[in-house]
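> mmCIF, C-alpha atoms and all ligand atoms, saved as structure.cif, coming up:
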```cif
data_model
loop_
_atom_site.label_atom_id
_atom_site.label_comp_id
_atom_site.auth_asym_id
_atom_site.auth_seq_id
_atom_site.Cartn_x
_atom_site.Cartn_y
_atom_site.Cartn_z
CA MET A 1 64.34 144.95 233.55
CA GLN A 2 64.59 141.83 235.66
CA ALA A 3 68.37 141.98 235.32
CA ALA A 4 68.41 145.60 236.51
CA THR A 5 66.35 144.71 239.56
CA ARG A 6 68.61 141.73 240.26
CA GLU A 7 71.72 143.90 240.05
CA LEU A 8 70.30 146.41 242.53
CA ARG A 9 68.11 144.13 244.61
CA GLU A 10 69.76 144.86 247.97
CA GLU A 11 69.76 148.61 247.51
CA ILE A 12 66.16 148.55 246.31
CA ASP A 13 65.09 146.46 249.30
CA GLU A 14 66.80 148.96 251.59
CA ALA A 15 65.15 151.91 249.84
CA ILE A 16 61.69 150.36 250.17
CA ALA A 17 62.33 149.49 253.83
CA ARG A 18 63.33 153.10 254.48
CA VAL A 19 59.96 154.27 253.13
CA LEU A 20 58.00 151.67 255.12
CA ASP A 21 59.81 152.72 258.29
CA SER A 22 59.17 156.41 257.63
CA GLY A 23 55.41 155.97 257.43
CA TYR A 24 55.24 158.59 254.62
CA TYR A 25 53.97 157.36 251.27
CA LEU A 26 53.29 160.55 249.32
CA LEU A 27 54.98 163.96 248.99
CA GLY A 28 57.66 163.13 251.55
CA LYS A 29 61.43 163.20 251.90
CA GLU A 30 62.25 160.61 249.23
CA LEU A 31 60.38 162.57 246.58
CA GLU A 32 62.03 165.81 247.66
CA ALA A 33 65.46 164.20 247.48
CA PHE A 34 64.77 162.62 244.11
CA GLU A 35 63.46 165.90 242.72
CA ARG A 36 66.66 167.63 243.81
CA GLU A 37 68.87 164.89 242.36
CA PHE A 38 67.04 164.58 239.07
CA ALA A 39 66.88 168.36 238.54
CA GLU A 40 70.63 168.44 238.90
CA TYR A 41 71.05 165.47 236.59
CA SER A 42 69.00 167.04 233.83
CA GLY A 43 70.55 170.48 234.16
CA ALA A 44 67.31 172.15 235.21
CA LYS A 45 66.54 174.33 238.21
CA HIS A 46 63.37 172.46 239.19
CA CYS A 47 62.01 168.93 239.07
CA ILE A 48 58.45 167.99 240.01
CA GLY A 49 57.60 164.29 240.35
CA VAL A 50 54.26 163.26 238.83
CA GLY A 51 52.27 160.08 238.20
CA ASN A 52 53.57 159.12 234.73
CA GLY A 53 54.98 160.48 231.49
CA LEU A 54 51.66 161.28 229.84
CA GLU A 55 50.60 163.37 232.83
CA ALA A 56 54.02 165.06 232.90
CA LEU A 57 53.26 166.33 229.39
CA ILE A 58 49.64 167.22 230.19
CA LEU A 59 50.57 169.18 233.33
CA SER A 60 53.36 170.96 231.44
CA LEU A 61 50.89 172.01 228.75
CA LYS A 62 48.38 173.14 231.40
CA ALA A 63 51.10 175.14 233.16
CA LEU A 64 51.96 176.76 229.82
CA GLY A 65 48.31 177.79 229.56
CA VAL A 66 47.27 175.57 226.64
CA ARG A 67 43.50 175.63 226.05
CA ALA A 68 40.82 174.54 223.63
CA GLY A 69 41.40 176.04 220.20
CA ASP A 70 45.18 176.23 220.58
CA GLU A 71 47.53 174.39 218.27
CA VAL A 72 50.75 172.65 219.27
CA ILE A 73 53.38 171.45 216.78
CA VAL A 74 54.19 167.75 217.35
CA PRO A 75 56.32 165.22 215.45
CA SER A 76 54.34 162.97 213.09
CA ASN A 77 56.77 160.21 214.06
CA THR A 78 56.40 159.57 217.79
CA TYR A 79 54.70 157.48 220.42
CA ILE A 80 51.04 158.50 220.58
CA ALA A 81 51.37 159.89 224.14
CA THR A 82 52.93 163.07 222.71
CA TRP A 83 49.76 163.75 220.70
CA LEU A 84 47.35 162.58 223.40
CA ALA A 85 48.72 165.09 225.91
CA VAL A 86 47.85 167.94 223.52
CA SER A 87 44.41 166.50 222.74
CA TYR A 88 43.67 166.06 226.43
CA CYS A 89 44.08 169.83 226.91
CA GLY A 90 41.47 170.40 224.18
CA ALA A 91 44.17 171.66 221.82
CA ARG A 92 45.05 170.36 218.35
CA PRO A 93 48.26 168.44 217.68
CA VAL A 94 49.67 169.68 214.35
CA PRO A 95 52.05 167.05 212.96
CA VAL A 96 55.34 167.91 211.29
CA GLU A 97 57.34 165.29 209.40
CA PRO A 98 60.70 163.98 210.64
CA ASP A 99 64.20 164.27 209.25
CA GLU A 100 64.55 160.87 207.63
CA ARG A 101 68.04 160.34 209.02
CA THR A 102 67.46 161.17 212.68
CA TYR A 103 63.71 160.29 212.84
CA ASN A 104 63.24 163.46 214.91
CA ILE A 105 61.07 166.43 213.91
CA ASP A 106 62.54 168.30 210.91
CA PRO A 107 63.05 171.90 212.10
CA GLU A 108 62.97 173.17 208.51
CA LYS A 109 59.35 172.04 208.16
CA ILE A 110 58.06 173.64 211.36
CA GLU A 111 57.43 177.20 210.19
CA ALA A 112 55.09 176.13 207.40
CA ALA A 113 52.85 174.54 210.07
CA VAL A 114 52.65 177.61 212.30
CA THR A 115 49.31 179.49 212.28
CA LYS A 116 47.89 182.26 214.45
CA HIS A 117 46.62 179.54 216.82
CA THR A 118 50.03 177.93 217.36
CA ARG A 119 51.25 178.27 220.96
CA GLY A 120 54.29 176.04 221.10
CA ILE A 121 56.47 173.22 219.80
CA LEU A 122 56.64 169.78 221.42
CA PRO A 123 59.76 168.03 220.08
CA VAL A 124 60.50 164.46 221.14
CA HIS A 125 64.02 163.13 221.68
CA LEU A 126 63.00 159.93 219.93
CA TYR A 127 64.80 156.65 220.61
CA GLY A 128 67.08 158.55 223.02
CA GLN A 129 68.52 160.93 220.43
CA PRO A 130 68.18 164.67 221.09
CA ALA A 131 66.10 166.65 218.62
CA ASP A 132 67.77 169.58 216.82
CA ILE A 133 66.93 171.99 219.63
CA GLY A 134 69.21 174.80 218.41
CA ARG A 135 67.24 175.20 215.16
CA ILE A 136 63.93 174.67 216.94
CA LYS A 137 64.82 177.42 219.42
CA GLU A 138 65.53 179.89 216.61
CA ILE A 139 62.10 179.24 215.12
CA ALA A 140 60.40 179.38 218.53
CA ALA A 141 62.03 182.74 219.27
CA LYS A 142 61.11 184.15 215.87
CA ARG A 143 57.45 183.05 216.12
CA ASP A 144 57.09 183.65 219.86
CA LEU A 145 56.43 180.00 220.77
CA TRP A 146 57.43 177.96 223.80
CA ILE A 147 59.22 174.60 223.67
CA LEU A 148 58.11 171.57 225.68
CA GLU A 149 60.60 168.69 225.40
CA ASP A 150 59.17 165.17 225.45
CA ALA A 151 62.21 163.62 227.14
CA ALA A 152 60.53 160.29 227.96
CA GLN A 153 63.16 158.33 226.02
CA ALA A 154 66.17 160.54 226.68
CA HIS A 155 67.40 160.27 230.29
CA GLY A 156 71.01 161.41 230.08
CA ALA A 157 71.01 162.42 226.40
CA ARG A 158 72.86 165.61 225.51
CA TYR A 159 72.59 168.29 222.84
CA LYS A 160 75.88 170.16 222.30
CA GLY A 161 76.97 168.97 225.73
CA LYS A 162 73.81 170.13 227.50
CA PRO A 163 71.48 167.53 229.04
CA ALA A 164 67.97 166.96 227.74
CA GLY A 165 65.36 168.33 230.12
CA GLY A 166 66.74 171.84 230.45
CA LEU A 167 66.93 172.74 226.75
CA GLY A 168 63.50 174.31 226.24
CA ASN A 169 60.99 176.04 228.53
CA ILE A 170 59.87 172.84 230.24
CA ALA A 171 60.26 169.07 229.81
CA GLY A 172 58.20 165.96 230.50
CA TRP A 173 59.75 162.66 231.60
CA SER A 174 58.49 159.11 231.97
CA PHE A 175 59.82 156.51 234.40
CA TYR A 176 57.81 153.68 232.87
CA PRO A 177 59.76 150.51 233.77
CA GLY A 178 61.22 150.03 230.27
CA LYS A 179 62.70 153.54 229.98
CA ASN A 180 66.45 154.19 230.50
CA LEU A 181 65.54 155.36 234.00
CA GLY A 182 62.56 153.24 234.98
CA ALA A 183 60.57 152.86 238.19
CA LEU A 184 59.04 149.58 239.34
CA GLY A 185 55.61 150.87 238.39
CA ASP A 186 54.42 154.12 236.88
CA GLY A 187 56.23 157.41 237.42
CA GLY A 188 57.04 160.67 235.70
CA ALA A 189 58.50 164.12 236.21
CA VAL A 190 58.58 167.64 234.85
CA THR A 191 61.80 169.67 234.74
CA THR A 192 62.10 173.39 234.06
CA ASN A 193 64.27 176.40 234.71
CA SER A 194 61.21 178.60 235.21
CA ASP A 195 60.17 179.27 238.83
CA ASP A 196 56.71 180.18 237.63
CA LEU A 197 56.09 177.03 235.54
CA ALA A 198 57.52 174.83 238.31
CA ASP A 199 55.18 176.39 240.83
CA ARG A 200 52.17 175.84 238.58
CA VAL A 201 52.97 172.17 237.94
CA ARG A 202 53.58 171.60 241.66
CA VAL A 203 50.13 172.97 242.47
CA LEU A 204 48.37 171.24 239.54
CA ARG A 205 49.69 167.77 240.42
CA ASN A 206 48.16 167.95 243.89
CA TYR A 207 44.50 168.94 243.38
CA GLY A 208 45.46 172.55 242.65
CA SER A 209 46.39 172.87 246.27
CA ARG A 210 49.40 174.29 248.09
CA ILE A 211 47.82 174.23 251.52
CA LYS A 212 45.64 171.26 252.44
CA TYR A 213 41.93 171.84 251.65
CA LEU A 214 42.69 175.16 249.97
CA ASN A 215 42.27 174.76 246.20
CA GLU A 216 43.61 177.56 244.02
CA VAL A 217 42.98 175.97 240.62
CA LYS A 218 41.30 172.85 239.21
CA GLY A 219 44.19 170.45 239.59
CA VAL A 220 44.50 166.69 239.33
CA ASN A 221 45.98 163.90 241.41
CA SER A 222 49.28 162.99 239.76
CA ARG A 223 52.06 162.30 242.24
CA LEU A 224 55.24 160.27 242.20
CA ASP A 225 54.96 158.13 245.34
CA GLU A 226 57.66 157.72 247.97
CA ILE A 227 58.46 154.09 247.16
CA GLN A 228 58.99 154.82 243.46
CA ALA A 229 61.02 157.95 244.29
CA ALA A 230 63.26 155.93 246.63
CA ILE A 231 63.76 153.25 243.96
CA LEU A 232 64.49 155.87 241.29
CA ARG A 233 67.16 157.40 243.52
CA VAL A 234 68.95 154.05 243.59
CA LYS A 235 68.68 153.65 239.83
CA LEU A 236 69.68 157.24 239.04
CA ARG A 237 73.08 156.56 240.59
CA ARG A 238 73.54 153.76 238.06
CA LEU A 239 72.15 155.57 235.03
CA ASP A 240 75.40 156.90 233.54
CA ASN A 241 77.00 153.44 233.76
CA TRP A 242 73.97 151.86 232.17
CA ASN A 243 73.87 154.44 229.38
CA ALA A 244 77.57 153.78 228.76
CA ARG A 245 76.77 150.07 228.36
CA ARG A 246 74.07 150.96 225.83
CA ARG A 247 76.63 153.07 223.95
CA ALA A 248 79.07 150.16 223.86
CA ILE A 249 76.41 147.88 222.38
CA ALA A 250 75.42 150.55 219.86
CA ALA A 251 79.09 150.83 218.82
CA GLN A 252 79.27 147.03 218.46
CA TYR A 253 76.17 147.06 216.24
CA HIS A 254 77.50 149.93 214.12
CA GLU A 255 80.76 148.07 213.60
CA GLY A 256 79.21 144.65 213.00
CA LEU A 257 76.38 145.82 210.76
CA GLN A 258 78.12 148.39 208.57
CA HIS A 259 77.91 146.10 205.51
CA SER A 260 74.56 144.58 206.41
CA GLY A 261 72.52 146.65 203.99
CA LEU A 262 70.42 147.91 206.90
CA VAL A 263 69.96 151.62 207.49
CA LEU A 264 71.70 152.21 210.83
CA PRO A 265 70.99 155.04 213.27
CA TYR A 266 72.53 158.35 212.21
CA VAL A 267 74.04 160.51 214.93
CA PRO A 268 74.67 164.20 214.14
CA GLU A 269 77.98 165.51 215.49
CA TRP A 270 76.21 167.63 218.14
CA ALA A 271 74.17 164.75 219.56
CA GLU A 272 74.99 162.41 222.43
CA PRO A 273 72.20 159.84 222.32
CA VAL A 274 71.45 157.33 225.08
CA HIS A 275 70.17 154.59 222.76
CA HIS A 276 66.85 153.96 224.45
CA LEU A 277 66.25 151.93 221.30
CA PHE A 278 68.59 150.84 218.51
CA VAL A 279 66.41 151.25 215.45
CA VAL A 280 67.45 149.95 212.03
CA ARG A 281 65.52 150.11 208.77
CA SER A 282 64.94 147.49 206.10
CA LYS A 283 62.62 147.17 203.12
CA ARG A 284 62.32 143.51 204.18
CA ARG A 285 61.58 144.38 207.80
CA ASP A 286 58.91 141.77 208.42
CA ALA A 287 60.98 138.93 206.94
CA LEU A 288 64.02 140.03 208.96
CA ARG A 289 61.95 140.14 212.11
CA ALA A 290 60.60 136.63 211.46
CA HIS A 291 64.13 135.34 210.84
CA LEU A 292 65.40 136.86 214.11
CA GLU A 293 62.44 135.38 215.95
CA LYS A 294 63.36 131.92 214.63
CA SER A 295 66.85 132.44 216.04
CA GLY A 296 65.31 133.25 219.43
CA ILE A 297 65.90 137.01 219.11
CA GLY A 298 63.02 139.31 219.95
CA ALA A 299 62.98 142.48 217.85
CA LEU A 300 60.15 144.95 218.33
CA ILE A 301 58.62 147.66 216.13
CA HIS A 302 58.54 151.24 217.43
CA TYR A 303 55.95 151.95 216.27
CA PRO A 304 53.71 149.82 214.04
CA ILE A 305 51.04 152.49 213.32
CA PRO A 306 51.66 156.26 213.32
CA PRO A 307 49.36 158.37 215.50
CA HIS A 308 47.51 159.99 212.56
CA LEU A 309 46.38 156.58 211.28
CA GLN A 310 45.23 155.33 214.68
CA ASN A 311 41.51 154.96 215.26
CA ALA A 312 41.90 157.39 218.17
CA TYR A 313 42.62 160.16 215.62
CA LYS A 314 40.04 159.28 213.00
CA ASP A 315 38.44 162.67 213.74
CA MET A 316 41.45 164.31 212.07
CA ALA A 317 40.51 162.45 208.87
CA MET A 318 44.11 162.04 207.74
CA ARG A 319 44.38 159.41 205.01
CA PRO A 320 47.25 157.00 204.43
CA GLY A 321 49.77 158.93 202.37
CA SER A 322 49.16 162.25 204.14
CA LEU A 323 52.40 161.98 206.15
CA PRO A 324 54.51 159.86 203.78
CA ILE A 325 57.89 160.10 205.52
CA SER A 326 56.53 158.99 208.85
CA GLU A 327 54.47 156.25 207.21
CA ARG A 328 57.49 154.88 205.35
CA ILE A 329 59.53 154.90 208.55
CA HIS A 330 56.79 153.00 210.34
CA GLU A 331 56.86 150.32 207.64
CA GLU A 332 60.62 149.80 207.75
CA VAL A 333 61.81 150.20 211.35
CA LEU A 334 62.95 147.39 213.59
CA SER A 335 64.41 147.76 217.09
CA LEU A 336 67.32 145.42 217.80
CA PRO A 337 67.75 144.24 221.39
CA ILE A 338 69.64 146.79 223.50
CA GLY A 339 69.93 147.45 227.21
CA PRO A 340 72.50 147.73 229.97
CA HIS A 341 72.35 144.02 230.69
CA LEU A 342 72.66 142.71 227.16
CA SER A 343 76.07 141.05 226.92
CA GLU A 344 78.63 141.48 224.16
CA THR A 345 78.07 137.82 223.26
CA GLN A 346 74.33 138.35 222.94
CA ALA A 347 74.85 141.38 220.71
CA ALA A 348 77.27 139.32 218.59
CA THR A 349 74.55 136.67 218.22
CA VAL A 350 72.18 139.34 216.88
CA ILE A 351 74.80 140.50 214.36
CA ARG A 352 75.41 136.90 213.22
CA ALA A 353 71.69 136.25 212.79
CA ILE A 354 71.40 139.35 210.59
CA GLU A 355 74.34 138.15 208.46
CA GLU A 356 72.59 134.79 208.04
CA PHE A 357 69.46 136.56 206.89
CA ARG A 358 71.40 138.38 204.20
CA ALA A 359 73.07 135.22 202.96
C1 LIG A 401 56.82 156.43 227.30
C2 LIG A 401 56.53 157.69 226.58
C3 LIG A 401 55.57 158.61 227.02
C4 LIG A 401 54.59 158.33 228.11
O1 LIG A 401 55.09 157.88 229.31
P1 LIG A 401 54.19 157.01 230.32
O2 LIG A 401 54.95 157.06 231.58
O3 LIG A 401 54.06 155.66 229.74
O4 LIG A 401 52.86 157.71 230.44
C5 LIG A 401 55.47 159.81 226.35
N1 LIG A 401 56.22 160.09 225.28
C6 LIG A 401 57.12 159.21 224.79
C7 LIG A 401 57.93 159.60 223.59
C8 LIG A 401 57.29 157.98 225.41
O5 LIG A 401 58.18 157.11 224.91
#
```
Here is a file; write its structure as structure tokens.


Amino acid sequence: MQAATRELREEIDEAIARVLDSGYYLLGKELEAFEREFAEYSGAKHCIGVGNGLEALILSLKALGVRAGDEVIVPSNTYIATWLAVSYCGARPVPVEPDERTYNIDPEKIEAAVTKHTRGILPVHLYGQPADIGRIKEIAAKRDLWILEDAAQAHGARYKGKPAGGLGNIAGWSFYPGKNLGALGDGGAVTTNSDDLADRVRVLRNYGSRIKYLNEVKGVNSRLDEIQAAILRVKLRRLDNWNARRRAIAAQYHEGLQHSGLVLPYVPEWAEPVHHLFVVRSKRRDALRAHLEKSGIGALIHYPIPPHLQNAYKDMAMRPGSLPISERIHEEVLSLPIGPHLSETQAATVIRAIEEFRA
């Protein structure tokens, strides 16, 4: 993150100065420009900047009309924000297990989870790899459900050549600093091809108001501010280059670790991932992580505890063993260092350290 800021420091300084000189800090020209640019980037007709990724999902669900008593299909294997957005609307997240190779929701298991209360499907493009949207769309069409993409880890990812963010009915994005496209603070966005949904999110994010002091619905305050929008515009211009660097590192890892005994990321032929994370699996995960740490390599776990076993969801009373695939994944995954500013030499050091561990 520091390296990204260093690379772009002058342009970022200029962008911030432009905002300070304009005197507009919210809902101004920078946001409008960013919304236009990011809509185009993600192949959607509309983009609406909001406060963060969680609120992008919440406002999308609200715009889709989700209410108490509704059910929404979510992946069992995801960051908890996906579930929390559904819960916040008073609806019930209904977990579906992942495909063990891609870690994304297994489309073949979705229909069994659909009830008369189900309103939609909320697939996540986890670790920057697109979910199997084609299959999910078939099921959504058959059961009359909408699709909300959680694209928080997938800026630039493509499914059969089409960018994430315009694949379903609506999509939620996060610009948390560590994401592939990250602000220097909190930020988020919603993209959609629907004029109607875009209009609803636009009103909801600003107190339910289109005209000042005229409130049509009970909205919230969730806006992407001018400084973050201006910074994101600078970074968006660099995103494809940065994603290409991530791809090069991923290729280096695939090559260097093919005989490592680790389970490496699997990429279906229709997927163009952006490697938000490079996640490997090992039965000796904790020992491997300790060994890497000793060699000065930080490897993180995404994620240590699945949502259904978090205290926050104890009301669902789901015991260990109730979602076995997700639980096993959580016990074995390790994220190797990856990012646009990781050098080839640094990646080679990681590969060497893993070889040492095996020996
Ligand atoms: C980061 C993330 C979010 C939430 O984004 P914030 O901007 O941190 O609120 C939601 N879903 C997934 C999958 C994420 O990785």

> Around the point (67.7, 142.7, 214.7) (coordinates from the file), which residues reach within 7 Å if we count all atoms listed in the file? Answer as a PyMOL selection string.

chain A and resi 289+292+299+334-337+350+354

> Can I get the residues close to ligand LIG 401 (chain A) as a PyMOL selection string, where close means within 7 Å and we count all atoms listed in the file?

chain A and resi 52-55+78-79+81-82+124+126+150-153+174-176+186-188

> Given only C-alpha atoms as the basis, pick out the residue of A:Arg6, A:Arg205, A:Lys29, A:Lys116 nearest to Ala56 of chain A.

A:Arg205

> Can you list, as an mmCIF file with C-alpha atoms, in the frame of the given file, every protein, DNA or RNA residue that comes within 8 Å of segment 246-249 of chain A when you count all atoms listed in the file, leaving out same-chain residues fewer than 2 positions away?


```
data_model
loop_
_atom_site.group_PDB
_atom_site.id
_atom_site.type_symbol
_atom_site.label_atom_id
_atom_site.label_comp_id
_atom_site.auth_asym_id
_atom_site.auth_seq_id
_atom_site.Cartn_x
_atom_site.Cartn_y
_atom_site.Cartn_z
ATOM 1 C CA TRP A 242 73.970 151.860 232.170
ATOM 2 C CA ASN A 243 73.870 154.440 229.380
ATOM 3 C CA ALA A 244 77.570 153.780 228.760
ATOM 4 C CA ALA A 251 79.090 150.830 218.820
ATOM 5 C CA GLN A 252 79.270 147.030 218.460
ATOM 6 C CA TYR A 253 76.170 147.060 216.240
ATOM 7 C CA VAL A 274 71.450 157.330 225.080
ATOM 8 C CA HIS A 275 70.170 154.590 222.760
ATOM 9 C CA HIS A 276 66.850 153.960 224.450
ATOM 10 C CA ILE A 338 69.640 146.790 223.500
ATOM 11 C CA GLY A 339 69.930 147.450 227.210
ATOM 12 C CA PRO A 340 72.500 147.730 229.970
ATOM 13 C CA LEU A 342 72.660 142.710 227.160
ATOM 14 C CA GLU A 344 78.630 141.480 224.160
ATOM 15 C CA ALA A 347 74.850 141.380 220.710
#
```

> Pick out the residues sitting within 10 Å of segment 209-226 of chain A, and hand them over as number ranges by chain; count all atoms listed in the file, and ignore anything fewer than 2 positions along from it in its own chain.

A: 15-16, 18-20, 22-32, 34-35, 48-52, 55-56, 59, 62, 175, 183, 186-189, 199-207, 228-232

> Distance atom CA of Glu331 of chain A-atom CA of Arg92 of chain A, one decimal place?

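Atom-to-atom, atom CA of Glu331 of chain A to atom CA of Arg92 of chain A, that is 25.6 Å.
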
> Take every atom of segment 137-151 of chain A listed in the file, fit an axis-aligned box around them, add 4 Å per side, and give the centre and edge lengths in Å to one decimal as JSON.


```
{"center_x": 61.0, "center_y": 173.9, "center_z": 221.1, "size_x": 17.1, "size_y": 28.5, "size_z": 20.0}
```

> Select, from A:Asn77, A:Ser87, A:Thr192, A:Gln2, the residue with the minimum atom-to-atom distance to Tyr313 of chain A, counting only C-alpha atoms.

A:Ser87
